[in-house]
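Trainee: Before we start, here is the structure in question, set down as structure tokens.
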Amino acid sequence: MNINSKDLIAAAESARLASYSPYSNFAVGAALLCADGTVYKGCNIENASFTPTCCAERVAIFKAVSEGRKDFVAIAVVGGKVGESERGACYPCGVCRQVLAEFCAPETPVFLGSSNGDVLTTSVGELLPYTFKLKVEEND
Ligand code: THU
């Protein structure tokens with residue numbers, strides 16, 4: 001399948017517009033691509049009690065998995081301070097890396113967009129090598 005990183009980053013940018021981040025003022029958007037072209041979008045959703053905050057990546061993954069989808073082929077993430085026009089790559093946090101590793105093959109591309117149009121391409125396995133797995137036979 002031909003994966004267009006620019007289109008997926010554009011979807012992440014549109015997801016970012018829905019970010020609810022009044023406490024950090026750091027807005028993140030994610031777009032998760034399925035094998036048939038379906039895109040699940042997510043934004044970070046914060047809470048006054050802080051701990052319930054959920055990152056954009058996990059919102060996208062949980063939306064998709066709760067709809068019965070697990071056939072993920074790529075994810076794009078964008079993020080940065082609200083109101084600041086210049087944004088560099090926003091790397092997924094450690095918790096989101098673990099969740100990505102649960103559902104995505106290590107070679108699954110992760111596209112990180114910047115405001116200048118640069119795309120940093122990495123992968124789920126590169127972001128989280130030596131992943132914790134419960135089943136020994138799942139380890140490389
Ligand atoms: N955030 C994400 O949405 N994804 C990440 O991978 C890193 C952090 C959010 C959580 C919180 O709402 C804000 O960014 C600041 O940490």
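Note on naming: chains are A, B, ... as they come in the structure tokens, residues start from 1 per chain, ligands start from 1 in the order shown.
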Can you pull out every residue with an atom within 7 Å of ligand 1? Use only C-alpha atoms and all ligand atoms and format it as a list in words.

Mentor: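 Those residues are Ser21, Ser24, Phe26, Ala27, Val28, Gly29, Cys43, Asn44, Ile45, Glu46, Thr53, Cys54, Cys55, Ala56, Glu57, Tyr91, Pro92, Cys93 and Cys96 of chain A.
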
Trainee: Write the residues of the selection above to a file with N, CA and C atoms, as an mmCIF file, in the first residue's frame.

Mentor:
```cif
data_model
loop_
_atom_site.group_PDB
_atom_site.id
_atom_site.type_symbol
_atom_site.label_atom_id
_atom_site.label_comp_id
_atom_site.auth_asym_id
_atom_site.auth_seq_id
_atom_site.Cartn_x
_atom_site.Cartn_y
_atom_site.Cartn_z
ATOM 1 N N SER A 21 -6.530 21.175 25.782
ATOM 2 C CA SER A 21 -5.277 21.245 26.540
ATOM 3 C C SER A 21 -5.135 22.582 27.274
ATOM 4 N N SER A 24 -1.783 22.524 29.915
ATOM 5 C CA SER A 24 -0.417 22.578 29.384
ATOM 6 C C SER A 24 -0.296 23.577 28.236
ATOM 7 N N PHE A 26 -0.386 22.758 25.349
ATOM 8 C CA PHE A 26 0.405 22.008 24.370
ATOM 9 C C PHE A 26 -0.582 21.102 23.625
ATOM 10 N N ALA A 27 -0.802 21.413 22.367
ATOM 11 C CA ALA A 27 -1.832 20.705 21.594
ATOM 12 C C ALA A 27 -1.191 19.675 20.662
ATOM 13 N N VAL A 28 -1.729 18.465 20.698
ATOM 14 C CA VAL A 28 -1.181 17.366 19.904
ATOM 15 C C VAL A 28 -2.292 16.740 19.055
ATOM 16 N N GLY A 29 -1.945 16.330 17.854
ATOM 17 C CA GLY A 29 -2.884 15.615 16.991
ATOM 18 C C GLY A 29 -2.211 14.366 16.446
ATOM 19 N N CYS A 43 -6.770 13.531 19.497
ATOM 20 C CA CYS A 43 -6.104 14.722 20.044
ATOM 21 C C CYS A 43 -5.896 14.483 21.530
ATOM 22 N N ASN A 44 -4.993 15.255 22.139
ATOM 23 C CA ASN A 44 -4.824 15.109 23.588
ATOM 24 C C ASN A 44 -6.013 15.744 24.315
ATOM 25 N N ILE A 45 -6.418 15.072 25.388
ATOM 26 C CA ILE A 45 -7.582 15.507 26.171
ATOM 27 C C ILE A 45 -7.139 15.563 27.632
ATOM 28 N N GLU A 46 -7.051 16.777 28.151
ATOM 29 C CA GLU A 46 -6.540 16.963 29.511
ATOM 30 C C GLU A 46 -7.673 17.010 30.526
ATOM 31 N N THR A 53 -5.529 12.698 32.002
ATOM 32 C CA THR A 53 -5.160 13.196 30.670
ATOM 33 C C THR A 53 -4.775 12.041 29.746
ATOM 34 N N CYS A 54 -5.249 12.117 28.514
ATOM 35 C CA CYS A 54 -4.889 11.087 27.536
ATOM 36 C C CYS A 54 -4.231 11.739 26.327
ATOM 37 N N CYS A 55 -3.132 11.171 25.912
ATOM 38 C CA CYS A 55 -2.381 11.687 24.762
ATOM 39 C C CYS A 55 -3.133 11.428 23.461
ATOM 40 N N ALA A 56 -2.807 12.239 22.471
ATOM 41 C CA ALA A 56 -3.446 12.148 21.159
ATOM 42 C C ALA A 56 -3.283 10.758 20.531
ATOM 43 N N GLU A 57 -2.089 10.194 20.652
ATOM 44 C CA GLU A 57 -1.825 8.894 20.024
ATOM 45 C C GLU A 57 -2.724 7.822 20.609
ATOM 46 N N TYR A 91 7.704 14.081 19.624
ATOM 47 C CA TYR A 91 7.927 12.638 19.776
ATOM 48 C C TYR A 91 6.895 12.023 20.707
ATOM 49 N N PRO A 92 6.353 10.878 20.386
ATOM 50 C CA PRO A 92 5.408 10.201 21.286
ATOM 51 C C PRO A 92 6.039 9.912 22.645
ATOM 52 N N CYS A 93 5.266 10.075 23.702
ATOM 53 C CA CYS A 93 5.771 9.813 25.055
ATOM 54 C C CYS A 93 5.975 8.307 25.259
ATOM 55 N N CYS A 96 2.766 6.129 25.291
ATOM 56 C CA CYS A 96 2.201 5.934 23.946
ATOM 57 C C CYS A 96 3.065 4.987 23.111
#
```

Trainee: As a ChimeraX atom specification, please: the residues near segment 74-78 of chain A (cut-off 10 Å, only C-alpha atoms, same-chain neighbours under 4 positions excluded).

Mentor: /A:3-16,27-35,39-43,56-57,60-61,87-92,100,104-105,107-115,119-121,123-124

Trainee: How about saving the chosen residues, C-alpha atoms kept, as a PDB file, in the first residue's frame?

Mentor:
```
ATOM      1  CA  ILE A   3       1.424   5.563   2.288  1.00  0.00           C
ATOM      2  CA  ASN A   4       1.305   9.326   1.823  1.00  0.00           C
ATOM      3  CA  SER A   5       2.998  10.873   4.866  1.00  0.00           C
ATOM      4  CA  LYS A   6       1.910  14.404   3.933  1.00  0.00           C
ATOM      5  CA  ASP A   7      -1.782  13.428   3.822  1.00  0.00           C
ATOM      6  CA  LEU A   8      -1.516  11.609   7.151  1.00  0.00           C
ATOM      7  CA  ILE A   9       0.243  14.602   8.734  1.00  0.00           C
ATOM      8  CA  ALA A  10      -2.516  16.866   7.388  1.00  0.00           C
ATOM      9  CA  ALA A  11      -5.050  14.595   9.115  1.00  0.00           C
ATOM     10  CA  ALA A  12      -3.029  14.852  12.348  1.00  0.00           C
ATOM     11  CA  GLU A  13      -3.028  18.646  11.992  1.00  0.00           C
ATOM     12  CA  SER A  14      -6.812  18.658  11.667  1.00  0.00           C
ATOM     13  CA  ALA A  15      -7.108  16.353  14.704  1.00  0.00           C
ATOM     14  CA  ARG A  16      -4.908  18.775  16.672  1.00  0.00           C
ATOM     15  CA  ALA A  27      -1.832  20.705  21.594  1.00  0.00           C
ATOM     16  CA  VAL A  28      -1.181  17.366  19.904  1.00  0.00           C
ATOM     17  CA  GLY A  29      -2.884  15.615  16.991  1.00  0.00           C
ATOM     18  CA  ALA A  30      -2.465  12.064  15.730  1.00  0.00           C
ATOM     19  CA  ALA A  31      -3.749  10.210  12.685  1.00  0.00           C
ATOM     20  CA  LEU A  32      -3.658   6.433  12.500  1.00  0.00           C
ATOM     21  CA  LEU A  33      -3.886   4.784   9.084  1.00  0.00           C
ATOM     22  CA  CYS A  34      -5.524   1.357   8.617  1.00  0.00           C
ATOM     23  CA  ALA A  35      -4.772  -1.062   5.782  1.00  0.00           C
ATOM     24  CA  VAL A  39      -7.908   7.080   9.258  1.00  0.00           C
ATOM     25  CA  TYR A  40      -8.602   7.340  12.980  1.00  0.00           C
ATOM     26  CA  LYS A  41      -7.804  10.743  14.422  1.00  0.00           C
ATOM     27  CA  GLY A  42      -7.013  11.654  18.020  1.00  0.00           C
ATOM     28  CA  CYS A  43      -6.104  14.722  20.044  1.00  0.00           C
ATOM     29  CA  ALA A  56      -3.446  12.148  21.159  1.00  0.00           C
ATOM     30  CA  GLU A  57      -1.825   8.894  20.024  1.00  0.00           C
ATOM     31  CA  ALA A  60      -6.533   7.560  18.142  1.00  0.00           C
ATOM     32  CA  ILE A  61      -5.467   3.981  18.930  1.00  0.00           C
ATOM     33  CA  ARG A  87       6.722  23.647  15.788  1.00  0.00           C
ATOM     34  CA  GLY A  88       9.374  20.943  15.609  1.00  0.00           C
ATOM     35  CA  ALA A  89       8.829  17.186  15.741  1.00  0.00           C
ATOM     36  CA  CYS A  90       6.667  16.042  18.666  1.00  0.00           C
ATOM     37  CA  TYR A  91       7.927  12.638  19.776  1.00  0.00           C
ATOM     38  CA  PRO A  92       5.408  10.201  21.286  1.00  0.00           C
ATOM     39  CA  LEU A 100       1.870   1.613  19.820  1.00  0.00           C
ATOM     40  CA  CYS A 104       1.718  -2.111  15.563  1.00  0.00           C
ATOM     41  CA  ALA A 105       4.485  -4.165  13.994  1.00  0.00           C
ATOM     42  CA  GLU A 107       8.462  -1.633  11.167  1.00  0.00           C
ATOM     43  CA  THR A 108       5.266   0.474  11.196  1.00  0.00           C
ATOM     44  CA  PRO A 109       6.253   4.000  10.104  1.00  0.00           C
ATOM     45  CA  VAL A 110       5.747   6.941  12.463  1.00  0.00           C
ATOM     46  CA  PHE A 111       5.677  10.335  10.729  1.00  0.00           C
ATOM     47  CA  LEU A 112       6.461  13.384  12.864  1.00  0.00           C
ATOM     48  CA  GLY A 113       5.485  16.658  11.226  1.00  0.00           C
ATOM     49  CA  SER A 114       6.968  20.111  11.785  1.00  0.00           C
ATOM     50  CA  SER A 115       5.558  23.521  10.960  1.00  0.00           C
ATOM     51  CA  VAL A 119       8.785  15.124   8.072  1.00  0.00           C
ATOM     52  CA  LEU A 120      10.826  13.002  10.455  1.00  0.00           C
ATOM     53  CA  THR A 121      10.155   9.359   9.666  1.00  0.00           C
ATOM     54  CA  SER A 123       9.195   3.490  13.278  1.00  0.00           C
ATOM     55  CA  VAL A 124       7.451   1.902  16.229  1.00  0.00           C
TER      56      VAL A 124
END
```

Trainee: From the options A:Asn2, A:Asp118, A:Phe132, A:Ala64, which residue's atoms come nearest to Thr38 of chain A, counting only C-alpha atoms?

Mentor: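 Under the stated criterion, the closest residue is A:Ala64.
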
Trainee: Mind the document's chain letters and residue numbers, and return as a compact mmCIF listing (two decimals) with C-alpha atoms, in the first residue's frame the residues of segment 33-73 of chain A that DSSP labels strand (DSSP E or B).

Mentor:
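The resulting result.txt:
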```
# COMPACT_ATOMS: atom_id res chain seq x y z
CA LEU A 33 -3.89 4.78 9.08
CA CYS A 34 -5.52 1.36 8.62
CA VAL A 39 -7.91 7.08 9.26
CA TYR A 40 -8.60 7.34 12.98
CA LYS A 41 -7.80 10.74 14.42
CA GLY A 42 -7.01 11.65 18.02
CA CYS A 43 -6.10 14.72 20.04
CA ILE A 45 -7.58 15.51 26.17
CA CYS A 54 -4.89 11.09 27.54
CA PHE A 72 -2.53 -0.27 11.45
CA VAL A 73 -0.01 0.62 8.77
```

Trainee: Take atom CA of Lys70 of chain A and atom CA of Phe103 of chain A and report the distance between them in Å, one decimal.

Mentor: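 Between atom CA of Lys70 of chain A and atom CA of Phe103 of chain A the gap is 6.4 Å.
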
Trainee: Segment 9-138 of chain A: which residues are alpha helix (DSSP H) by DSSP, as a ChimeraX atom specification?

Mentor: /A:9-16,56-66,94-103,124-127

Trainee: In Å to one decimal, how far is atom CA of Glu102 of chain A from atom CA of Asp71 of chain A?

Mentor: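 Answer for the atom CA of Asp71 of chain A to atom CA of Glu102 of chain A separation: 12.0 Å.
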
Trainee: What does the distance from atom CA of Lys63 of chain A to atom CA of Gly83 of chain A come to in Å, to one decimal?

Mentor: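 Value for the atom CA of Lys63 of chain A-atom CA of Gly83 of chain A distance: 27.2 Å.
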